[in-house]
Amino acid sequence: MKVEERLLKYVSVWTTSDEDGTTLPSTQRQFDLAKILKAELEGMGLEKVTMTDQCYVYGLLPATAGCENKKAIGLIAHMDTAPDFSGENVKPQIIENYDGEDVVLKGSGAILSTKDFPELKDLKGRTLITTDGTTLLGADDKAGVSAIMTAVEELVASGEAHGDIWVGFTPDEEIGAGPNGFDLDYFKADFAYTVDGDYEGEVAYENFNAYSAGFEIHGKNVHPGEAKDIMINAALIGCEIAASLPADETPATTCDHEGFYHLTDMEGNVEKATLSYILRDHDANKIQERIKTLEELTKKMNEKYGEGTVELSVKHSYDNMIEVMKDHMEVIDLAKEAIQAQGLQPLSRPIRGGTDGARLSFMGLPCPNLGTGGYGFHGPFEHCTVEGMECVVRILRYIATHAPQK
């Protein structure tokens, strides 16, 4: 099956995860794709194929004769799509010989513009796949799933020499829970790659250090006609907290290695208000400084409005994988060699987010991130090209057939 045929098949399956879910997986619909992948892996003749009760799919393509002493490689992608935008009833648009200009998304009338997505100019002449504007596409990460499945199928058919190749598909990556049930006692790779980036020549091994933070504000409500020196307006204190943080340190004002405070939710009234933040920084010391800033701001608000008015909670999410990968640069070098073999220039940008690979690296499986050939993730402007995905397939095959000795 061609890689684009797989993508169109997989995106038709609704697998959106739920950030308010309390189970793993957070949505039962993710099993619909997991069952398909399990059956396809079995059909290819892989061994140790299983689907766990937490919706993880694993399979092993055993080493060919004479390659048993090569290091075992893992290829990982996630099955869920982001809850930011609808992933149900996806209706892709397929544009052959794309002209490099703006694209009308026919379901909504929205414009996929070269101004907002300048890489579109570089995709001229390819077969472009977009959404119709009413849903996301699901290339994040079904393009990665498709590339892995296609690469494995082609390896089986070609008979190329390779060491053990483990395949793993995870649920709930988009809500940060992908590695929660990942079984490294079963998945016996020496190192792995998540296939979950954009540009097909990408190999990323830096990501944010990440925390979430929440303010809970307790106000005092009385009749406004008698409120002087009595009322404490929780909603206004929430506004004051938000305005006290640096205006130039938000996602909309930062790039590259710059960190930020991101206000994701804010609600409340006079009696009670809540603010939800995510904190991000590539520098481990700077992320601690951001936490300290929130702690000092909480202290300041309580000194002003009374002890216990503002409560702060902070939760760790994940760390920068470079702390692990700096000791495993041979894994990066292999990926760069594979990318260069396709005539591409490897690109290693700091990930302004996280991947399953970040946490898996700290769990003992060095796991940088490769591109998928997709762009504009998490919304109606998501797009990819057939040629980009085909290139990723070739990169994965190169990596699989060039594993070092143990």
# chains A, B, ... in the order shown; residues from 1 in each chain; ligands from 1

$ select_by_dssp --residues "segment 64-152 of chain A" --states "alpha helix (DSSP H)" --output "list of chain:residue names"
A:Ala139, A:Asp140, A:Asp141, A:Lys142, A:Ala143, A:Gly144, A:Val145, A:Ser146, A:Ala147, A:Ile148, A:Met149, A:Thr150, A:Ala151, A:Val152

$ write_last_selection --atoms "N, CA and C atoms" --output "PDB file, in the first residue's frame"
ATOM      1  N   ALA A 139      -2.498  14.518   9.962  1.00  0.00           N
ATOM      2  CA  ALA A 139      -1.127  14.159   9.590  1.00  0.00           C
ATOM      3  C   ALA A 139      -0.231  14.118  10.819  1.00  0.00           C
ATOM      4  N   ASP A 140      -0.592  14.870  11.845  1.00  0.00           N
ATOM      5  CA  ASP A 140       0.038  14.782  13.156  1.00  0.00           C
ATOM      6  C   ASP A 140      -0.800  13.819  13.999  1.00  0.00           C
ATOM      7  N   ASP A 141      -0.491  12.548  14.056  1.00  0.00           N
ATOM      8  CA  ASP A 141       0.765  12.004  13.573  1.00  0.00           C
ATOM      9  C   ASP A 141       0.524  10.826  12.633  1.00  0.00           C
ATOM     10  N   LYS A 142      -0.592  10.855  11.918  1.00  0.00           N
ATOM     11  CA  LYS A 142      -0.893   9.725  11.049  1.00  0.00           C
ATOM     12  C   LYS A 142      -0.002   9.699   9.815  1.00  0.00           C
ATOM     13  N   ALA A 143       0.628  10.829   9.495  1.00  0.00           N
ATOM     14  CA  ALA A 143       1.670  10.789   8.471  1.00  0.00           C
ATOM     15  C   ALA A 143       2.858   9.988   8.990  1.00  0.00           C
ATOM     16  N   GLY A 144       3.183  10.152  10.272  1.00  0.00           N
ATOM     17  CA  GLY A 144       4.253   9.362  10.874  1.00  0.00           C
ATOM     18  C   GLY A 144       3.898   7.891  10.941  1.00  0.00           C
ATOM     19  N   VAL A 145       2.666   7.592  11.339  1.00  0.00           N
ATOM     20  CA  VAL A 145       2.207   6.201  11.373  1.00  0.00           C
ATOM     21  C   VAL A 145       2.288   5.597   9.970  1.00  0.00           C
ATOM     22  N   SER A 146       1.826   6.351   8.976  1.00  0.00           N
ATOM     23  CA  SER A 146       1.815   5.860   7.597  1.00  0.00           C
ATOM     24  C   SER A 146       3.219   5.587   7.092  1.00  0.00           C
ATOM     25  N   ALA A 147       4.154   6.482   7.404  1.00  0.00           N
ATOM     26  CA  ALA A 147       5.534   6.314   6.943  1.00  0.00           C
ATOM     27  C   ALA A 147       6.167   5.075   7.566  1.00  0.00           C
ATOM     28  N   ILE A 148       5.933   4.863   8.847  1.00  0.00           N
ATOM     29  CA  ILE A 148       6.500   3.685   9.518  1.00  0.00           C
ATOM     30  C   ILE A 148       5.924   2.406   8.924  1.00  0.00           C
ATOM     31  N   MET A 149       4.607   2.346   8.789  1.00  0.00           N
ATOM     32  CA  MET A 149       3.969   1.139   8.262  1.00  0.00           C
ATOM     33  C   MET A 149       4.436   0.850   6.843  1.00  0.00           C
ATOM     34  N   THR A 150       4.573   1.888   6.032  1.00  0.00           N
ATOM     35  CA  THR A 150       5.000   1.698   4.648  1.00  0.00           C
ATOM     36  C   THR A 150       6.451   1.262   4.585  1.00  0.00           C
ATOM     37  N   ALA A 151       7.304   1.869   5.413  1.00  0.00           N
ATOM     38  CA  ALA A 151       8.717   1.485   5.427  1.00  0.00           C
ATOM     39  C   ALA A 151       8.892   0.029   5.829  1.00  0.00           C
ATOM     40  N   VAL A 152       8.152  -0.391   6.850  1.00  0.00           N
ATOM     41  CA  VAL A 152       8.248  -1.783   7.304  1.00  0.00           C
ATOM     42  C   VAL A 152       7.754  -2.736   6.216  1.00  0.00           C
TER      43      VAL A 152
END

$ residues_around --residues "Glu323 of chain A" --least-positions-apart "2" --cutoff "10 Å" --atoms "only C-alpha atoms" --output "list in words"
Tyr205, Glu206, Ala284, Asp319, Asn320, Met321, Met325, Lys326, Asp327, His328, Ala358, Ser361 and Phe362 of chain A

$ closest_atom_pairs --of "segment 136-215 of chain A" --to "segment 296-310 of chain A" --cutoff "12 Å" --atoms "only C-alpha atoms" --output "JSON lines"
{"residue": "A:Ala213", "atom": "CA", "partner": "A:Thr298", "partner_atom": "CA", "distance": 11.7}
{"residue": "A:Gly214", "atom": "CA", "partner": "A:Val310", "partner_atom": "CA", "distance": 10.1}
{"residue": "A:Phe215", "atom": "CA", "partner": "A:Val310", "partner_atom": "CA", "distance": 6.6}

$ residues_around --residues "Asn207 of chain A" --least-positions-apart "4" --cutoff "7 Å" --atoms "only C-alpha atoms" --output "list in words"
His282, Asn320, Met321, Pro350, Ile351, Arg352, Gly353 and Gly354 of chain A

$ closest_residue --among "A:Ala39, A:Arg6, A:Asp256, A:Thr81" --to "Thr27 of chain A" --atoms "only C-alpha atoms"
A:Thr81

$ closest_residue --among "A:Leu24, A:Leu155, A:Val222, A:Leu294" --to "Glu173 of chain A" --atoms "only C-alpha atoms"
A:Leu24

$ residues_around --residues "Phe169 of chain A" --least-positions-apart "2" --cutoff "6 Å" --atoms "only C-alpha atoms" --output "ChimeraX atom specification"
/A:56-57,76-78

$ write_last_selection --atoms "C-alpha atoms" --output "PDB file, in the first residue's frame"
ATOM      1  CA  TYR A  56      -0.411   0.509  22.747  1.00  0.00           C
ATOM      2  CA  VAL A  57       0.454  -1.428  19.603  1.00  0.00           C
ATOM      3  CA  ILE A  76       7.384   5.188  17.158  1.00  0.00           C
ATOM      4  CA  ALA A  77       4.394   7.364  16.246  1.00  0.00           C
ATOM      5  CA  HIS A  78       1.140   8.310  17.974  1.00  0.00           C
TER       6      HIS A  78
END

$ residues_around --residues "Ala210 of chain A" --least-positions-apart "6" --cutoff "6 Å" --atoms "only C-alpha atoms" --output "list in words"
Leu279, Arg280, Ser317 and Tyr318 of chain A

$ closest_residue --among "A:Asp80, A:Asp198, A:Asp356, A:Glu387" --to "Arg126 of chain A" --atoms "only C-alpha atoms"
A:Glu387

$ closest_residue --among "A:Gly163, A:Gly371, A:Gly379, A:Gly74" --to "Gly87 of chain A" --atoms "only C-alpha atoms"
A:Gly379

$ closest_atom_pairs --of "segment 198-245 of chain A" --to "segment 333-348 of chain A" --cutoff "6 Å" --atoms "only C-alpha atoms" --output "JSON lines"
{"residue": "A:Gly201", "atom": "CA", "partner": "A:Pro346", "partner_atom": "CA", "distance": 5.1}
{"residue": "A:Glu202", "atom": "CA", "partner": "A:Leu347", "partner_atom": "CA", "distance": 4.7}
{"residue": "A:Val203", "atom": "CA", "partner": "A:Ser348", "partner_atom": "CA", "distance": 5.3}
{"residue": "A:Ala204", "atom": "CA", "partner": "A:Ser348", "partner_atom": "CA", "distance": 4.9}

$ write_last_selection --atoms "N, CA and C atoms" --output "mmCIF file, in the first residue's frame"
data_model
loop_
_atom_site.group_PDB
_atom_site.id
_atom_site.type_symbol
_atom_site.label_atom_id
_atom_site.label_comp_id
_atom_site.auth_asym_id
_atom_site.auth_seq_id
_atom_site.Cartn_x
_atom_site.Cartn_y
_atom_site.Cartn_z
ATOM 1 N N GLY A 201 13.286 16.506 6.417
ATOM 2 C CA GLY A 201 14.706 16.394 6.727
ATOM 3 C C GLY A 201 15.053 16.774 8.148
ATOM 4 N N GLU A 202 14.044 16.810 9.012
ATOM 5 C CA GLU A 202 14.250 17.227 10.399
ATOM 6 C C GLU A 202 14.700 16.067 11.277
ATOM 7 N N VAL A 203 15.683 16.344 12.138
ATOM 8 C CA VAL A 203 15.994 15.447 13.251
ATOM 9 C C VAL A 203 16.182 16.337 14.475
ATOM 10 N N ALA A 204 15.262 16.244 15.397
ATOM 11 C CA ALA A 204 15.231 17.161 16.533
ATOM 12 C C ALA A 204 15.558 16.420 17.815
#

$ closest_residue --among "A:Gln54, A:Thr264, A:Thr385, A:Glu226" --to "Asp183 of chain A" --atoms "only C-alpha atoms"
A:Gln54

$ closest_residue --among "A:Pro246, A:Pro368, A:Gly373, A:Pro171" --to "Asp53 of chain A" --atoms "only C-alpha atoms"
A:Pro171
